[in-house]
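Please read the structure below before turning to the comments.
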Amino acid sequence: MMNRQDGSGGLSRRRFLASTVAASAALSAPAALGQGRPRVVVVGGGAGGATAARYIAKDSKGAVDVTLVEPSRAYYSCFFSNLYIGGFRDFASIGHSYGALAAKHGINVVHDWAVSVDRDKRSVGLAGGGSLSYDRLVLSPGIDFRAGSVPGWDLSQQNRMPHAYKAGSQTQLLKAQIEAMPEGGVYCMVAPPNPFRCPPGPYDRISMVAHVLKQTNPAAKILIVDPKAKFSKQGLFEDGWQRHYPGMIERIGPDFGGDRVEVRPAAMEVVVDGEVNKVDVCNVIPAQQAGRIAALADITNEAGWAPVAARTMQSRADENIHVLGDASQQGDMPKSGFSANSQAKVCAMAVRGALTGSKVYPARFSNTCWSLIGTDDGVKVGASYEATDEKIAKTAGFISRTGETAEVRKATYEESLGWYAAISGDIFG
Amino acid sequence: MLAAALLAFLPAPGAWSADAERGRALFKQCKRCHQTGGGAEHRIGPHLNDVFGRAAGSLGDFRYSPAMKAAGSGGLVWTEATLDAFLSGPRALVPRSRMSFAGIEKKGDRADLLAWLRGFAGARPGLPPAEPTAMPEEYGLDPRLLAIEGDPDYGAYLAGECTTCHRLDGTGEGIPSITGWPLDDFVIALQAYKRGKRAHPAMQLVAGRLSDEEIAALAAHFREAGNEP
C-alpha cells in the first residue's frame with residue numbers, strides 16, 4: 001500500500017484520514033465502519049479458519065462480529081488421520097465439534113456452503129440461499145483436486161479408488177479397504193505432485209499402511225507411483241521402511257515412469273508407463289489447487305492458488321480478503337494444519353488491528369510436522385519463518401536424524417500426542 | 001524437639017537400606033521445579049517440605065492441576081507407598097497431572113530419593129536452606145536478564161506460537177505445561193534454549209529468534225495464563 005507524504009512536510013490526506021480512523025477506533029471500535037460492530041466472515045472451519053475465527057472473537061472481546069461458514073457439523077482432522085489408518089487412534093479421537101466456538105467465543109457458526117463472493121458489495125453467497133456481508137473476509141477453504149491430473153480418475157470414482165485426502169468418510173473407507181485386502185494383495189498409492197496438502201502425508205500414510213499389513217497381511221505389497229523425484233523426510237522414511245517393513249514397499253519414481261500413470265477403476269488396474277498392474281486397493285491422491293471458493297472469488301493465479309502478502313495474509317488481489325493455509329500461495333511454508341494455525345494468528349491480529357485499531361506486532365510463523373514410521377518410532381521436521389515483502393521466508397529449521405536412539409524416537413512420538421491435544425484446543429477450544 | 005528431628009531423619013519401615021545421601025544426588029532431577037529446605041517456596045512445582053502425610057494438591061497457595069486437586073479430595077495422601085507409585089510414573093497415578101516427568105524406573109532409586117525427602121519433615125531450625133530451582137549462572141546467563149520487565153500484551157501475541165504445542169489447561173503429556181511458572185524459571189529456561197544450553201531442536205528454534213524483551217514478555221504472559229476456570 002502506498003503511504004506517501006506530501007511535499008509540504010505535513011500529513012498527506014491519506015495519512016490524516018488513517019490517523020482519524022485510528023483515533024476514533026480507539027474510542028468506539030466500529031465508528032468508521034457504519035452501523036454496529038465490524039463484521040468478519042470466515043469461510044472454512046479447519047485449522048486456518050477456525051483458529052482465525054476463535055482468535056478474532058477471543059481477542060476482540062466481542063468488538064468484532066465473527067461468522068464462521070463451514071458445511072460439516074463435525075470436523076475430522078487430516079492431521080493424525082493416518083494414525084487412525086494405522087490403528088494408533090480411534091476415529092472419534094480425530095473428530096471435533098464447533099460447539100465451543102459458538103458457546104465460549106460467541107462465533108456465529110453457519111453450517112452451509114459458501115458458493116459466491118461479491119467483492120464489490122463485500123458479501124458471501126450461501127448454497128442455502130442467504131448471504132453474509134463482511135468488512136473483512138477470511139478464506140480458508142483447504143484444497144480441491146485438479147480435474148484430469150490422474151487419467152482415468154475423477155470424483156465419481158472416489159469410492160473405488162479413495163483419496164482419503166479430506167478426513168472423514170474417505171479415511172474410514174480407505175482403512176476398511178486395507179483391512180479387507182486379500183492375503184498377499186497389493187496396496188497402491190498414486191502420490192501427488194508438488195505442492196500438496198500434508199498432513200495427511202503420503203509417506204506417513206505408507207508407514208501406517210505397512211504397519212497394519214505387517215500385522216494382518218504380512219505377504220501384502222505396497223506400491224507407490226510417484227511423479228516426484230524426491231520428498232520431505234525421504235531419508236528418514238526409507239531408513240524406517242528398511243528397518244520395520246523390509247521388502248514390502250516399492251516406489252516407482254519419475255525415472256521409471258512414476259509421472260506417466262493412468263488408473264482403470266472398474267478393472268482395479270494402475271498403468272505405469274504402459275505397464276499394467278493389478279491392485280487390490282488404489283489410493284489416488286490427485287494434484288491439488290485452492291478450495292473452489294478462492295477461484296470463485298477470482299483471487300487465484302494460473303497454478304490455482306491464492307497469492308497473499310506475508311505480513312497480513314491479505315490476498316494480493318483484494319485487501320479486504322485474507323487467505324489462509326493450504327489455499328494460499330505464501331512462500332516457503334508447507335501446506336500443513338500447523339502452518340494454517342500459525343498463519344491464522346497473524347491474520348487475526350492484522351484483522352483486529354484494521355477493524356478495531358488494536359496494536360499490530362510483526363508477523364512470525366512456525367511449523368513442525370511429526371510422522372510415525374512404526375510403533376514408538378516418531379520423526380519430525382520443523383522450521384521458523386518471517387514475513388518479507390515477497391513471501392513468507394524460511395529462517396531456520398531442524399529435522400530428525402537417522403540413527404537416533406529408541407528413547408528419542410519414542411519421545412518424539414509422545415511429543416506429537418501432546419501437540420495434537422494442544423493444537424486441537426487452540427483451534428476449537 | 002531433638003527426638004522429633006531424629007525421628008524425622010529415620011528411614012521408613014521396610015526401607016532400612018535406603019540411602020538418603022544418594023537420594024540427595026537423585027533430587028538433582030527434581031530441582032528444576034521443586035525446592036526443599038529452609039525458606040523453600042513454590043516454583044514450577046510446589047515445595048516439598050513436609051510432604052509425607054499431606055493430602056495431594058492441598059497447599060492452598062500453589063496452583064495445582066485440577067487433576068491433582070481432584071486426586072487429593074478423592075483421598076490421595078502422600079505416604080511412602082503413594083509417593084513411590086507416583087514417582088514410578090506420575091501420570092499413571094494421577095492422569096492429567098501437570099508434572100512433566102517420565103518417572104524413576106528403579107525402586108531402589110525411588111526409596112533413596114524418598115529417604116532424602118523425609119529429612120524435610122517439620123519446620124525447624126538447622127534445616128539446610130532451599131536451593132534455587134534455576135540459577136542464571138548455571139547457563140552462564142547475565143542475571144540482569146531477569147530484571148527485564150515484560151509487556152504482557154506483546155507476550156499474549158507471541159504466545160500464539162507456543163500454544164500450538166503447549167496446552168493452556170495445565171496438562172502436559174508429551175509436551176510440558178508452561179503456565180503459571182515463576183518469571184525467573186521461565187526466563188532462564190528460554191534463555192538456555194536460545195543459547196543452545198538446553199537441548200530440544202524445536203525449542204532452540206523458537207527461542208533462538210526471541211529477543212530478551214520478547215522472552216520477558218512471554219514470561220509475564222504465561223505467569224498468569226491458564227488462570228481462567
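Chain labels A, B, ... are given in the sequence in which chains occur in the C-alpha cells; within each chain residues are numbered consecutively from 1, and ligands are likewise numbered from 1 in the order shown.
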Q) Out of region 32-276 of chain A, which residues get helix (DSSP H, G or I) from DSSP, as an NGL selection string? A) :A and (32-33 or 49-60 or 81-85 or 91-94 or 99-103 or 155-157 or 169-179 or 202-216 or 234-244 or 254-256)
Q.
Near chain A, meaning an atom within 12 Å, which residues of chain B appear when counting only C-alpha atoms? Write them as a PyMOL selection string.
A. chain B and resi 96+100-102+153-178+199-210+214
Q: May I have the residues within 7 Å of region 131-142 of chain B as a list in words, using only C-alpha atoms and disregarding those fewer than 3 positions away in the same chain?
A: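 Here the qualifying residues turn out to be Lys31, Arg32, Cys33, His34, Gln35, Leu145, Asp185, Ile188, Ala192 and Lys197 of chain B.
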I need the residues from that last selection saved to file as a PDB file, in the first residue's frame (with N, CA and C atoms), if you can.
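This went into again-v9.pdb:
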ATOM      1  N   LYS B  31      15.108 -30.757  40.950  1.00  0.00           N
ATOM      2  CA  LYS B  31      15.416 -29.395  41.404  1.00  0.00           C
ATOM      3  C   LYS B  31      15.012 -28.287  40.456  1.00  0.00           C
ATOM      4  N   ARG B  32      14.841 -28.636  39.182  1.00  0.00           N
ATOM      5  CA  ARG B  32      14.482 -27.581  38.236  1.00  0.00           C
ATOM      6  C   ARG B  32      13.083 -27.032  38.556  1.00  0.00           C
ATOM      7  N   CYS B  33      12.286 -27.836  39.241  1.00  0.00           N
ATOM      8  CA  CYS B  33      10.906 -27.413  39.525  1.00  0.00           C
ATOM      9  C   CYS B  33      10.578 -27.308  41.010  1.00  0.00           C
ATOM     10  N   HIS B  34      11.283 -28.060  41.868  1.00  0.00           N
ATOM     11  CA  HIS B  34      10.889 -28.149  43.288  1.00  0.00           C
ATOM     12  C   HIS B  34      11.998 -27.662  44.202  1.00  0.00           C
ATOM     13  N   GLN B  35      11.577 -27.012  45.305  1.00  0.00           N
ATOM     14  CA  GLN B  35      12.518 -26.643  46.355  1.00  0.00           C
ATOM     15  C   GLN B  35      12.216 -27.435  47.622  1.00  0.00           C
ATOM     16  N   LEU B 145      19.261 -10.220  32.927  1.00  0.00           N
ATOM     17  CA  LEU B 145      18.167 -10.683  32.059  1.00  0.00           C
ATOM     18  C   LEU B 145      16.890 -10.891  32.862  1.00  0.00           C
ATOM     19  N   ASP B 185      12.194 -18.695  36.425  1.00  0.00           N
ATOM     20  CA  ASP B 185      12.351 -20.029  35.839  1.00  0.00           C
ATOM     21  C   ASP B 185      12.043 -20.003  34.349  1.00  0.00           C
ATOM     22  N   ILE B 188      14.904 -18.126  32.473  1.00  0.00           N
ATOM     23  CA  ILE B 188      16.148 -18.912  32.437  1.00  0.00           C
ATOM     24  C   ILE B 188      16.008 -20.084  31.461  1.00  0.00           C
ATOM     25  N   ALA B 192      18.228 -20.367  28.124  1.00  0.00           N
ATOM     26  CA  ALA B 192      19.114 -21.525  27.976  1.00  0.00           C
ATOM     27  C   ALA B 192      18.890 -22.205  26.617  1.00  0.00           C
ATOM     28  N   LYS B 197      21.904 -24.227  25.351  1.00  0.00           N
ATOM     29  CA  LYS B 197      22.378 -24.898  26.563  1.00  0.00           C
ATOM     30  C   LYS B 197      21.336 -25.816  27.172  1.00  0.00           C
TER      31      LYS B 197
END
**Q.** Spatial neighbours of Ile215 (chain B), max dist 8 Å, only C-alpha atoms, sep filter under 2 positions, as an MDAnalysis selection string
**A.** chainID B and resid 150 187 190:191 207 210:213 217:219
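What separates CA of Lys166 (chain A) from CA of Ile143 (chain A) is a distance of 8.6 Å.
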Q.
Could you check the closest approach to Ile56 (chain A) for each of A:Gly36, A:Gly99, A:Gly106, A:Gly129 and tell me which residue wins, using only C-alpha atoms?
A. A:Gly106
**Q.** Separation of CA of Ala56 (chain B) from CA of Thr179 (chain B) in Å
**A.**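 Rounded to one decimal, the two atoms are 19.7 Å apart.
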